[in-house]
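S.K.: Got a structure for you, final30.cif, holding mmCIF, C-alpha atoms.
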```cif
data_entry
#
loop_
_atom_site.label_atom_id
_atom_site.label_comp_id
_atom_site.auth_asym_id
_atom_site.auth_seq_id
_atom_site.Cartn_x
_atom_site.Cartn_y
_atom_site.Cartn_z
CA MET U 1 -14.49 -0.72 4.76
CA ASN U 2 -13.70 -2.59 1.58
CA GLY U 3 -10.38 -0.84 1.17
CA ILE U 4 -7.00 -1.56 -0.31
CA HIS U 5 -5.72 -2.51 3.16
CA ASP U 6 -7.88 -5.66 3.10
CA MET U 7 -5.51 -7.47 0.74
CA GLY U 8 -5.61 -11.08 1.90
CA GLY U 9 -5.85 -13.26 -1.22
CA MET U 10 -4.88 -10.61 -3.79
CA HIS U 11 -2.58 -11.45 -6.67
CA GLY U 12 -0.21 -9.31 -8.69
CA LEU U 13 1.46 -7.36 -5.89
CA GLY U 14 4.94 -8.61 -6.72
CA PRO U 15 7.57 -10.75 -5.03
CA ILE U 16 8.27 -10.72 -1.31
CA GLU U 17 11.40 -8.65 -0.77
CA HIS U 18 13.17 -10.50 1.98
CA GLU U 19 16.18 -8.50 3.10
CA LYS U 20 19.19 -10.19 4.62
CA ASP U 21 20.38 -8.57 7.87
CA GLU U 22 17.67 -5.94 7.66
CA PRO U 23 18.39 -2.89 9.84
CA VAL U 24 15.84 -1.83 12.47
CA PHE U 25 15.33 1.38 10.51
CA HIS U 26 16.20 2.09 6.88
CA ALA U 27 16.64 5.83 7.41
CA PRO U 28 16.85 8.15 10.42
CA TRP U 29 13.47 9.70 9.65
CA GLU U 30 11.79 6.32 10.09
CA ALA U 31 13.14 6.19 13.63
CA ARG U 32 11.87 9.71 14.34
CA MET U 33 8.42 8.76 13.03
CA LEU U 34 8.38 5.66 15.22
CA GLY U 35 9.24 7.86 18.20
CA ILE U 36 6.55 10.38 17.32
CA ARG U 37 4.01 7.56 17.06
CA ARG U 38 4.96 6.10 20.44
CA GLY U 39 5.81 9.28 22.33
CA GLY U 40 3.59 11.91 20.75
CA THR U 41 0.27 13.21 22.08
CA PHE U 42 -2.68 11.96 20.09
CA PRO U 43 -5.96 13.79 19.53
CA PRO U 44 -8.85 12.66 21.74
CA GLY U 45 -10.47 9.46 20.49
CA VAL U 46 -7.50 8.32 18.43
CA ASN U 47 -7.19 4.86 19.96
CA ILE U 48 -5.54 1.92 18.18
CA ASP U 49 -8.71 1.11 16.24
CA ARG U 50 -9.19 4.69 15.14
CA TRP U 51 -5.52 4.81 14.15
CA ARG U 52 -5.89 1.73 11.97
CA HIS U 53 -9.00 3.17 10.35
CA VAL U 54 -7.28 6.47 9.55
CA ARG U 55 -4.52 4.46 7.88
CA GLU U 56 -7.11 2.51 5.88
CA LEU U 57 -8.40 5.80 4.51
CA ILE U 58 -5.10 6.56 2.77
CA PRO U 59 -6.03 6.64 -0.94
CA PRO U 60 -5.13 3.32 -2.60
CA HIS U 61 -2.48 4.72 -4.93
CA LEU U 62 -0.63 6.21 -1.96
CA TYR U 63 -1.24 3.18 0.26
CA LEU U 64 0.51 0.97 -2.29
CA THR U 65 3.40 3.29 -3.12
CA ARG U 66 4.29 5.02 0.14
CA SER U 67 6.46 3.25 2.70
CA TYR U 68 5.22 2.01 6.05
CA TYR U 69 6.45 4.88 8.19
CA ASP U 70 5.17 7.30 5.58
CA HIS U 71 1.75 5.76 6.22
CA TRP U 72 2.31 6.70 9.85
CA TYR U 73 3.23 10.25 8.87
CA MET U 74 0.10 10.58 6.74
CA SER U 75 -2.12 9.06 9.41
CA TYR U 76 -0.74 11.19 12.23
CA VAL U 77 -1.11 14.34 10.15
CA ALA U 78 -4.65 13.34 9.14
CA ALA U 79 -5.58 12.82 12.79
CA LEU U 80 -4.07 16.18 13.79
CA LEU U 81 -5.89 18.02 11.01
CA GLN U 82 -9.20 16.35 11.66
CA SER U 83 -9.07 17.15 15.36
CA GLY U 84 -8.08 20.75 14.75
CA MET U 85 -4.89 20.28 16.76
CA ALA U 86 -2.93 21.52 13.75
CA THR U 87 -3.73 23.45 10.58
CA PRO U 88 -2.52 22.64 7.06
CA GLU U 89 -0.34 25.78 7.22
CA GLU U 90 1.30 24.55 10.42
CA ILE U 91 1.93 21.09 8.92
CA LYS U 92 3.60 22.73 5.93
CA SER U 93 5.69 25.27 7.83
CA GLY U 94 6.63 23.24 10.88
CA HIS U 95 5.81 26.22 13.09
CA ALA U 96 2.87 26.83 15.40
CA ALA U 97 0.54 29.60 14.32
CA PRO U 98 1.00 32.79 16.36
CA GLY U 99 -1.18 32.68 19.45
CA SER U 100 -2.00 28.98 19.15
CA ALA U 101 -2.19 26.87 22.28
CA LYS U 102 0.94 25.24 23.65
CA ARG U 103 0.65 22.16 25.86
CA ASN U 104 3.01 20.90 28.51
CA ASP U 105 1.81 17.31 28.99
CA ALA U 106 3.83 15.42 26.36
CA MET U 107 5.32 12.08 27.37
CA ARG U 108 8.70 12.55 29.03
CA PRO U 109 11.62 10.26 28.20
CA ASP U 110 11.51 8.69 31.65
CA GLN U 111 7.86 7.75 31.06
CA ALA U 112 8.55 5.88 27.83
CA TRP U 113 9.74 2.64 29.35
CA ASN U 114 6.87 2.56 31.78
CA ALA U 115 4.48 3.01 28.87
CA GLN U 116 6.16 0.04 27.21
CA LYS U 117 5.80 -2.15 30.30
CA THR U 118 2.13 -1.39 30.96
CA GLY U 119 -1.09 -1.22 29.01
CA GLY U 120 -2.05 -3.12 25.94
CA VAL U 121 -4.97 -4.79 27.67
CA PHE U 122 -7.92 -5.25 25.33
CA ALA U 123 -9.70 -8.03 27.21
CA ARG U 124 -12.95 -6.87 28.79
CA LYS U 125 -15.55 -8.56 30.90
CA VAL U 126 -18.65 -9.56 28.97
CA GLU U 127 -21.61 -10.64 31.09
CA ALA U 128 -23.40 -12.59 28.39
CA PRO U 129 -22.24 -16.18 27.95
CA PRO U 130 -20.43 -16.96 24.69
CA LEU U 131 -22.75 -17.95 21.83
CA PHE U 132 -20.20 -20.33 20.36
CA ALA U 133 -18.06 -23.14 21.75
CA VAL U 134 -14.67 -24.41 20.69
CA GLY U 135 -15.18 -26.99 17.94
CA GLN U 136 -18.46 -25.47 16.75
CA ARG U 137 -19.12 -24.71 13.07
CA VAL U 138 -19.75 -21.05 12.35
CA ARG U 139 -20.28 -18.98 9.25
CA ALA U 140 -18.70 -15.54 8.98
CA ARG U 141 -21.36 -13.04 8.07
CA ASN U 142 -21.49 -11.35 4.72
CA ILE U 143 -21.23 -7.81 6.00
CA ASN U 144 -19.71 -4.87 4.18
CA PRO U 145 -19.62 -1.92 6.57
CA SER U 146 -18.21 1.30 5.14
CA GLY U 147 -16.47 1.96 8.46
CA HIS U 148 -13.79 0.02 10.30
CA THR U 149 -14.05 -3.73 10.66
CA ARG U 150 -11.59 -6.56 11.28
CA LEU U 151 -13.55 -9.16 9.36
CA PRO U 152 -11.45 -9.68 6.22
CA ARG U 153 -13.28 -9.95 2.91
CA TYR U 154 -11.80 -13.37 2.20
CA ALA U 155 -13.62 -14.86 5.21
CA ARG U 156 -17.06 -13.35 4.64
CA GLY U 157 -19.72 -15.95 4.02
CA LYS U 158 -17.31 -18.81 4.71
CA VAL U 159 -17.78 -21.67 7.17
CA GLY U 160 -15.11 -22.44 9.73
CA ILE U 161 -14.55 -24.13 13.07
CA VAL U 162 -14.08 -22.26 16.33
CA ARG U 163 -10.56 -23.13 17.41
CA LEU U 164 -10.11 -20.82 20.44
CA HIS U 165 -12.34 -18.66 22.63
CA HIS U 166 -10.65 -15.62 24.18
CA GLY U 167 -13.40 -14.11 26.32
CA GLY U 168 -14.51 -10.51 25.78
CA HIS U 169 -12.41 -8.03 23.78
CA VAL U 170 -12.92 -4.41 22.72
CA LEU U 171 -14.85 -4.32 19.42
CA PRO U 172 -12.85 -2.35 16.82
CA ASP U 173 -15.93 -1.67 14.67
CA SER U 174 -17.33 0.45 17.48
CA ASN U 175 -14.18 1.72 19.16
CA ALA U 176 -12.76 3.15 15.94
CA HIS U 177 -15.76 5.43 15.56
CA GLY U 178 -16.02 6.88 19.03
CA GLU U 179 -18.97 4.63 19.84
CA GLY U 180 -17.43 2.94 22.84
CA GLU U 181 -15.58 -0.28 23.44
CA ALA U 182 -18.73 -2.44 23.14
CA PRO U 183 -16.79 -5.60 24.08
CA GLN U 184 -17.84 -8.93 22.61
CA HIS U 185 -16.62 -12.49 22.82
CA LEU U 186 -13.65 -13.06 20.53
CA TYR U 187 -12.89 -16.36 18.79
CA THR U 188 -10.17 -17.78 16.61
CA VAL U 189 -11.90 -19.44 13.68
CA ALA U 190 -10.13 -21.92 11.38
CA PHE U 191 -11.17 -21.99 7.71
CA SER U 192 -9.96 -24.70 5.37
CA MET U 193 -8.11 -23.39 2.33
CA ARG U 194 -10.65 -25.14 0.10
CA GLU U 195 -13.51 -23.36 1.85
CA LEU U 196 -11.79 -20.03 1.34
CA TRP U 197 -10.28 -20.48 -2.12
CA GLY U 198 -12.07 -23.33 -3.83
CA PRO U 199 -11.24 -26.83 -5.04
CA ASP U 200 -7.80 -25.96 -6.40
CA ALA U 201 -6.54 -24.95 -2.96
CA SER U 202 -4.42 -27.24 -0.82
CA PRO U 203 -6.52 -29.92 0.91
CA HIS U 204 -4.16 -29.96 3.90
CA ASP U 205 -4.02 -26.35 4.94
CA GLU U 206 -6.08 -23.76 6.78
CA THR U 207 -6.17 -20.08 7.65
CA CYS U 208 -7.30 -18.88 11.08
CA ALA U 209 -8.65 -15.42 11.81
CA ASP U 210 -9.64 -13.78 15.09
CA LEU U 211 -13.30 -12.84 14.82
CA TRP U 212 -15.75 -11.15 17.14
CA GLU U 213 -19.11 -12.70 17.97
CA SER U 214 -21.17 -10.32 15.84
CA TYR U 215 -19.13 -11.36 12.79
CA LEU U 216 -20.45 -14.92 13.14
CA ASP U 217 -23.57 -17.03 12.80
CA PRO U 218 -24.02 -20.69 13.72
CA ALA U 219 -23.54 -22.99 10.73
CA MET I 13 -28.45 -14.15 17.42
CA PRO I 14 -25.85 -11.41 17.69
CA SER I 15 -26.90 -7.96 16.59
CA SER I 16 -25.99 -7.21 13.04
CA LEU I 17 -23.07 -4.86 12.54
CA SER I 18 -24.47 -3.80 9.21
CA ASP I 19 -27.54 -2.51 11.05
CA HIS I 20 -25.38 -0.61 13.51
CA PRO I 21 -26.02 3.12 13.23
CA HIS I 22 -22.48 4.26 12.62
CA HIS I 23 -21.92 7.91 11.97
CA HIS I 24 -18.83 7.62 9.93
CA ASP I 25 -16.80 10.68 10.59
CA HIS I 26 -14.22 9.94 7.98
CA PRO I 27 -11.17 12.14 8.02
CA ARG I 28 -11.41 14.56 5.15
CA GLU I 29 -9.85 13.44 1.91
CA HIS I 30 -7.40 16.31 1.79
CA ALA I 31 -5.96 15.14 5.09
CA HIS I 32 -4.37 12.30 3.15
CA SER I 33 -3.61 14.33 0.05
CA ASP I 34 -0.13 14.74 -1.26
CA VAL I 35 2.41 16.78 0.66
CA PRO I 36 6.08 17.53 -0.17
CA SER I 37 7.69 14.40 -1.45
CA ASP I 38 10.70 13.83 0.78
CA PRO I 39 9.48 11.97 3.88
CA ALA I 40 12.66 12.86 5.79
CA LEU I 41 11.89 16.54 5.31
CA ARG I 42 8.22 16.14 6.13
CA THR I 43 8.93 14.16 9.29
CA LYS I 44 11.48 16.72 10.45
CA THR I 45 8.94 19.47 9.85
CA LEU I 46 6.33 17.52 11.79
CA GLU I 47 8.68 16.95 14.72
CA SER I 48 9.48 20.68 14.83
CA LEU I 49 5.79 21.58 14.87
CA LEU I 50 4.89 19.02 17.53
CA THR I 51 7.79 20.16 19.69
CA GLU I 52 6.73 23.80 19.39
CA LYS I 53 3.18 22.89 20.29
CA GLY I 54 4.27 20.79 23.25
CA LEU I 55 2.81 17.65 21.67
CA VAL I 56 6.07 15.73 21.70
CA ASP I 57 9.33 15.83 23.66
CA PRO I 58 12.23 15.06 21.28
CA ALA I 59 13.99 13.31 24.16
CA ALA I 60 11.02 10.92 24.41
CA ILE I 61 11.44 10.15 20.70
CA ASP I 62 15.10 9.36 21.43
CA ALA I 63 14.01 7.06 24.26
CA TRP I 64 11.66 5.09 22.01
CA VAL I 65 14.25 4.79 19.26
CA ASP I 66 16.79 3.52 21.79
CA ALA I 67 14.27 1.01 23.13
CA TYR I 68 13.61 -0.50 19.70
CA GLU I 69 17.20 -0.32 18.50
CA ASN I 70 18.83 -1.68 21.63
CA LYS I 71 16.39 -3.30 24.06
CA ILE I 72 13.39 -4.85 22.32
CA GLY I 73 14.13 -7.44 19.65
CA PRO I 74 13.98 -11.07 18.59
CA ARG I 75 16.50 -12.20 21.22
CA ARG I 76 13.59 -11.95 23.65
CA GLY I 77 11.49 -14.42 21.73
CA ALA I 78 14.52 -16.65 21.20
CA ALA I 79 15.07 -16.92 24.96
CA ILE I 80 11.48 -18.06 25.41
CA VAL I 81 11.77 -20.64 22.63
CA ALA I 82 15.03 -22.02 24.02
CA ARG I 83 13.45 -22.37 27.47
CA ALA I 84 10.50 -24.23 25.96
CA TRP I 85 12.90 -26.60 24.20
CA ILE I 86 14.66 -27.62 27.40
CA ASP I 87 11.83 -27.37 29.94
CA PRO I 88 8.72 -29.44 29.11
CA ALA I 89 6.72 -27.95 31.99
CA PHE I 90 7.44 -24.41 30.75
CA LYS I 91 6.56 -25.45 27.20
CA ALA I 92 3.23 -26.83 28.39
CA ARG I 93 2.47 -23.56 30.19
CA LEU I 94 3.56 -21.56 27.14
CA LEU I 95 1.17 -23.44 24.87
CA GLN I 96 -1.65 -23.31 27.42
CA ASP I 97 -1.37 -19.68 28.60
CA ALA I 98 1.39 -17.92 26.72
CA SER I 99 0.95 -14.51 28.35
CA GLU I 100 1.39 -15.96 31.83
CA ALA I 101 4.47 -17.95 30.80
CA ILE I 102 6.01 -14.98 28.97
CA ALA I 103 5.48 -12.74 32.00
CA THR I 104 7.87 -14.95 33.98
CA PHE I 105 10.64 -13.52 31.78
CA GLY I 106 9.82 -10.02 33.02
CA PHE I 107 7.85 -9.02 29.94
CA THR I 108 4.74 -7.19 31.05
CA GLY I 109 1.99 -4.93 29.82
CA ARG I 110 1.77 -4.57 26.07
CA GLU I 111 4.84 -6.81 25.72
CA ALA I 112 3.04 -9.92 26.93
CA GLN I 113 -0.69 -9.29 26.50
CA HIS I 114 -2.94 -11.69 24.67
CA PHE I 115 -0.25 -14.01 23.38
CA VAL I 116 -0.85 -17.29 21.62
CA VAL I 117 2.14 -19.55 20.99
CA VAL I 118 1.67 -22.15 18.24
CA GLU I 119 3.96 -25.14 17.98
CA ASN I 120 5.58 -26.45 14.82
CA THR I 121 5.87 -30.23 14.64
CA PRO I 122 6.91 -32.69 11.93
CA THR I 123 3.29 -32.57 10.67
CA ILE I 124 2.16 -29.02 11.45
CA HIS I 125 3.77 -25.80 10.24
CA ASN I 126 2.47 -22.45 11.49
CA LEU I 127 2.82 -19.11 9.72
CA VAL I 128 1.86 -15.69 11.13
CA VAL I 129 0.57 -12.75 9.09
CA CYS I 130 -1.57 -9.64 9.45
CA THR I 131 -3.48 -9.17 6.22
CA LEU I 132 -5.28 -6.00 7.36
CA CYS I 133 -2.36 -3.97 8.70
CA SER I 134 0.88 -4.96 10.42
CA CYS I 135 0.04 -6.65 13.76
CA TYR I 136 3.13 -8.42 15.06
CA PRO I 137 4.51 -9.45 18.45
CA TRP I 138 6.56 -6.27 18.91
CA GLY I 139 7.25 -6.95 22.56
CA LEU I 140 9.05 -10.22 21.85
CA LEU I 141 10.38 -9.74 18.30
CA GLY I 142 10.89 -5.98 18.04
CA LEU I 143 9.72 -4.04 15.01
CA PRO I 144 8.46 -6.15 12.11
CA PRO I 145 10.69 -6.50 9.05
CA ARG I 146 9.67 -4.47 6.02
CA TRP I 147 8.50 -7.47 4.00
CA TYR I 148 6.08 -8.47 6.79
CA LYS I 149 4.33 -5.09 6.52
CA ALA I 150 4.39 -4.99 2.71
CA ALA I 151 1.57 -5.94 0.34
CA PRO I 152 3.02 -9.10 -1.27
CA TYR I 153 3.39 -11.04 2.01
CA ARG I 154 0.09 -9.78 3.44
CA ALA I 155 -1.78 -10.66 0.24
CA ARG I 156 -0.38 -14.10 -0.47
CA SER I 157 0.19 -15.73 2.92
CA VAL I 158 -3.45 -16.61 3.38
CA ILE I 159 -4.05 -17.95 -0.13
CA ASP I 160 -0.70 -19.53 -1.01
CA PRO I 161 1.34 -20.09 2.14
CA ARG I 162 3.33 -22.91 0.54
CA GLY I 163 4.34 -20.65 -2.32
CA VAL I 164 5.33 -17.94 0.15
CA LEU I 165 7.40 -20.42 2.16
CA THR I 166 9.12 -21.63 -1.00
CA GLU I 167 10.15 -18.03 -1.70
CA PHE I 168 11.75 -18.04 1.73
CA GLY I 169 13.56 -21.27 0.86
CA LEU I 170 11.34 -23.64 2.81
CA THR I 171 9.54 -26.35 0.84
CA LEU I 172 7.09 -28.48 2.80
CA GLY I 173 5.79 -31.90 1.83
CA ASP I 174 2.16 -32.97 1.68
CA GLU I 175 2.52 -34.73 5.02
CA VAL I 176 2.75 -31.30 6.64
CA GLU I 177 -0.38 -29.27 7.38
CA VAL I 178 0.13 -25.51 7.06
CA ARG I 179 -1.76 -23.32 9.50
CA VAL I 180 -1.82 -19.61 8.77
CA TRP I 181 -2.71 -17.26 11.63
CA ASP I 182 -4.11 -13.94 10.45
CA SER I 183 -3.72 -11.47 13.33
CA THR I 184 -7.03 -9.67 12.93
CA ALA I 185 -7.48 -8.84 16.64
CA GLU I 186 -5.16 -7.90 19.52
CA LEU I 187 -3.96 -11.48 19.92
CA ARG I 188 -0.30 -11.81 19.08
CA TYR I 189 1.04 -15.03 17.64
CA LEU I 190 4.51 -16.46 18.15
CA VAL I 191 5.63 -19.65 16.42
CA LEU I 192 7.49 -22.18 18.54
CA PRO I 193 9.81 -23.68 15.92
CA GLU I 194 10.95 -27.30 16.03
CA ARG I 195 14.14 -27.93 17.98
CA PRO I 196 16.79 -28.79 15.38
CA ALA I 197 18.33 -32.25 15.37
CA GLY I 198 21.76 -32.66 16.90
CA THR I 199 21.24 -30.10 19.64
CA GLU I 200 20.96 -32.50 22.59
CA LYS I 201 24.18 -31.25 24.20
CA LEU I 202 23.61 -27.53 23.72
CA ASN I 203 22.74 -25.35 26.69
CA GLU I 204 19.92 -22.83 26.78
CA THR I 205 22.07 -19.92 25.59
CA GLU I 206 23.48 -21.94 22.71
CA LEU I 207 19.98 -23.06 21.75
CA ALA I 208 18.66 -19.50 21.79
CA ALA I 209 21.34 -18.54 19.25
CA LEU I 210 19.69 -20.94 16.77
CA VAL I 211 16.30 -19.22 17.03
CA THR I 212 15.88 -16.61 14.31
CA ARG I 213 13.21 -13.96 13.99
CA ASP I 214 11.99 -15.61 10.81
CA SER I 215 11.60 -18.97 12.55
CA MET I 216 9.28 -17.34 15.09
CA ILE I 217 7.16 -15.80 12.32
CA GLY I 218 7.08 -19.20 10.63
CA VAL I 219 8.83 -18.40 7.35
CA ALA I 220 11.91 -20.44 8.29
CA LYS I 221 13.04 -23.25 10.55
CA ALA I 222 15.45 -22.68 13.41
CA LYS I 223 19.11 -22.76 12.40
CA ALA I 224 20.95 -26.06 12.42
CA PRO I 225 23.75 -26.23 15.00
CA GLY I 226 27.22 -25.34 13.79
CA LYS I 227 25.91 -23.18 10.98
CA ASP I 228 26.04 -19.46 10.96
CA ARG I 229 22.80 -19.08 9.08
CA ALA I 230 19.62 -21.02 8.62
#
```
Go ahead and express the file in the form of structure tokens.

M.R.:
Amino acid sequence: MNGIHDMGGMHGLGPIEHEKDEPVFHAPWEARMLGIRRGGTFPPGVNIDRWRHVRELIPPHLYLTRSYYDHWYMSYVAALLQSGMATPEEIKSGHAAPGSAKRNDAMRPDQAWNAQKTGGVFARKVEAPPLFAVGQRVRARNINPSGHTRLPRYARGKVGIVRLHHGGHVLPDSNAHGEGEAPQHLYTVAFSMRELWGPDASPHDETCADLWESYLDPA
Amino acid sequence: MPSSLSDHPHHHDHPREHAHSDVPSDPALRTKTLESLLTEKGLVDPAAIDAWVDAYENKIGPRRGAAIVARAWIDPAFKARLLQDASEAIATFGFTGREAQHFVVVENTPTIHNLVVCTLCSCYPWGLLGLPPRWYKAAPYRARSVIDPRGVLTEFGLTLGDEVEVRVWDSTAELRYLVLPERPAGTEKLNETELAALVTRDSMIGVAKAKAPGKDRA
């Protein structure tokens, strides 16, 4: 979706606020939200791609003014409400409605470290041979899906060079919408700054993005 | 010809707007209320939250990445493996699963400077650097890194000459990028532990160089 989250290349968002000796968390509630995100039970179908998409749907004025872990709060609550695992009244009160289901399968503390040390594998076998080779010129497609995609707007329609080929990876555009992993070949594509931003851009520099095969055409 | 995504018959089940509508303003209060509800419903164990907080406050952080960089500086064979197949090389440090998956290590040299960003969200090598700093997740860095990396680097106090090519890596997939900074001059006699102390989080994101020896800060 062409949302506020897709901000590569935007101007006017202010200075970078680099913080010396930044703490891991700026407030205790941020730590609790991190723990809820990593240790909490998610509704069915809320995989990493779905999670990112739910965050993208935060209205722009809130996306730009709420803090990072507040985005997580909003996204987790949105996922709970959409799945029916919680009601707006429950979210407000902090108490389960009388007679509502109680589960007993939440992650235990002794399972947390194991969860950290496993998983995270998004590579998948793809039978079809890759359409593109390292060094090949490709053009990112001009697509504007209203759902989730990881093709940034700044790269659409631009010509780049395949720098790396990573084999098959889960396709977020499908996985975010409950339509399966639909793995495709994944490539790192290098775009010159002048291709992306015009003749005033630095002639020396480039930006690389990781792009799935269906984002690309030969060029 | 790959099938067109725009022709793909998505049924976009967007979460309802009100799901993201405004709720009481204090996030500390809201989060506490959420934790109470989830605990009552059996959707979270508060002790598991404690375990995750402890992991990110005390176990997982940029010292991990620094150890890998220091090893690469003193061991050319390890460095070659790291640049060829980073996940395999990282796994030899005991980092497994989501900590080491799909890694790409990019090397800074006198003529190439690498910078890592995630314009679309906040992708970051958590397993080796811990939680990303706030500025990395915030709009200004995400917006400008891909269009004006030299300006961004100048804001961080690093001005690069025209002889240096800047390569920005936008983490749009599950690949995680770690910058291998240049080994500072005058470090020939330092051991691996002393070298690791020069490797800052920022130098592994690419917004700074490694610290010079004998200085407390970069």

S.K.: Would you kindly return, as a VMD selection string, each protein, DNA or RNA residue with an atom no farther than 8 Å from any atom of Ile161 of chain U, considering only C-alpha atoms and excluding same-chain residues fewer than 2 positions away?

M.R.: chain U and resid 134 to 138 159 163 189 to 191

S.K.: Identify which of the residues I:Leu94, I:Cys135, I:Ala155, I:Ala150 lies closest to chain U, counting only C-alpha atoms when measuring atom-to-atom distances.

M.R.: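 Of the candidates, the smallest distance to chain U is held by I:Ala155.
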
S.K.: Just the residues within 10 Å of Gly226 of chain I, please, counting only C-alpha atoms, with nothing from its chain fewer than 6 positions along; format it as a PyMOL selection string.

M.R.: chain I and resi 198-199+210

S.K.: Counting all atoms listed in the file, collect the residues of chain I whose closest atom lies at most 6 Å from chain U, and write them out as an NGL selection string.

M.R.: :I and (14 or 18 or 27 or 31-32 or 40 or 45-46 or 48-49 or 53-56 or 59-61 or 63-65 or 108-110 or 131-132 or 147 or 152-153 or 155-156 or 159 or 177-182 or 184-185)

S.K.: To one decimal place, how far is atom CA of Glu119 of chain I from atom CA of Pro193 of chain I in Å?

M.R.: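 Here the two named atoms are 6.4 Å from each other.
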
S.K.: Could you rebuild segment 199-217 of chain U with N, CA and C atoms and give it back as a short mmCIF file (atom, residue, chain, number, x, y, z; two decimals), in the coordinates of the input?

M.R.:
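The resulting out.cif:
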```
data_model
loop_
_atom_site.label_atom_id
_atom_site.label_comp_id
_atom_site.auth_asym_id
_atom_site.auth_seq_id
_atom_site.Cartn_x
_atom_site.Cartn_y
_atom_site.Cartn_z
N PRO U 199 -11.75 -25.46 -4.94
CA PRO U 199 -11.24 -26.83 -5.04
C PRO U 199 -9.78 -26.93 -5.46
N ASP U 200 -9.21 -25.89 -6.00
CA ASP U 200 -7.80 -25.96 -6.40
C ASP U 200 -6.85 -25.70 -5.23
N ALA U 201 -7.40 -25.26 -4.10
CA ALA U 201 -6.54 -24.95 -2.96
C ALA U 201 -6.05 -26.23 -2.30
N SER U 202 -5.00 -26.10 -1.49
CA SER U 202 -4.42 -27.24 -0.82
C SER U 202 -5.44 -27.90 0.11
N PRO U 203 -5.57 -29.24 0.03
CA PRO U 203 -6.52 -29.92 0.91
C PRO U 203 -6.02 -30.02 2.34
N HIS U 204 -4.76 -29.72 2.58
CA HIS U 204 -4.16 -29.96 3.90
C HIS U 204 -4.18 -28.72 4.80
N ASP U 205 -4.39 -27.57 4.23
CA ASP U 205 -4.02 -26.35 4.94
C ASP U 205 -5.24 -25.53 5.37
N GLU U 206 -4.99 -24.60 6.30
CA GLU U 206 -6.08 -23.76 6.78
C GLU U 206 -5.56 -22.38 7.15
N THR U 207 -6.48 -21.43 7.18
CA THR U 207 -6.17 -20.08 7.65
C THR U 207 -7.10 -19.77 8.81
N CYS U 208 -6.53 -19.28 9.90
CA CYS U 208 -7.30 -18.88 11.08
C CYS U 208 -7.37 -17.36 11.14
N ALA U 209 -8.51 -16.86 11.57
CA ALA U 209 -8.65 -15.42 11.81
C ALA U 209 -9.34 -15.23 13.15
N ASP U 210 -9.04 -14.10 13.80
CA ASP U 210 -9.64 -13.78 15.09
C ASP U 210 -10.88 -12.93 14.83
N LEU U 211 -12.03 -13.46 15.20
CA LEU U 211 -13.30 -12.84 14.82
C LEU U 211 -14.21 -12.64 16.02
N TRP U 212 -14.84 -11.47 16.04
CA TRP U 212 -15.75 -11.15 17.14
C TRP U 212 -17.12 -11.81 16.91
N GLU U 213 -17.87 -11.93 18.01
CA GLU U 213 -19.11 -12.70 17.97
C GLU U 213 -20.10 -12.18 16.93
N SER U 214 -20.18 -10.85 16.79
CA SER U 214 -21.17 -10.32 15.84
C SER U 214 -20.73 -10.47 14.39
N TYR U 215 -19.55 -11.03 14.17
CA TYR U 215 -19.13 -11.36 12.79
C TYR U 215 -19.64 -12.75 12.39
N LEU U 216 -20.23 -13.48 13.34
CA LEU U 216 -20.45 -14.92 13.14
C LEU U 216 -21.90 -15.33 13.33
N ASP U 217 -22.30 -16.35 12.59
CA ASP U 217 -23.57 -17.03 12.80
C ASP U 217 -23.28 -18.51 12.99
#
```
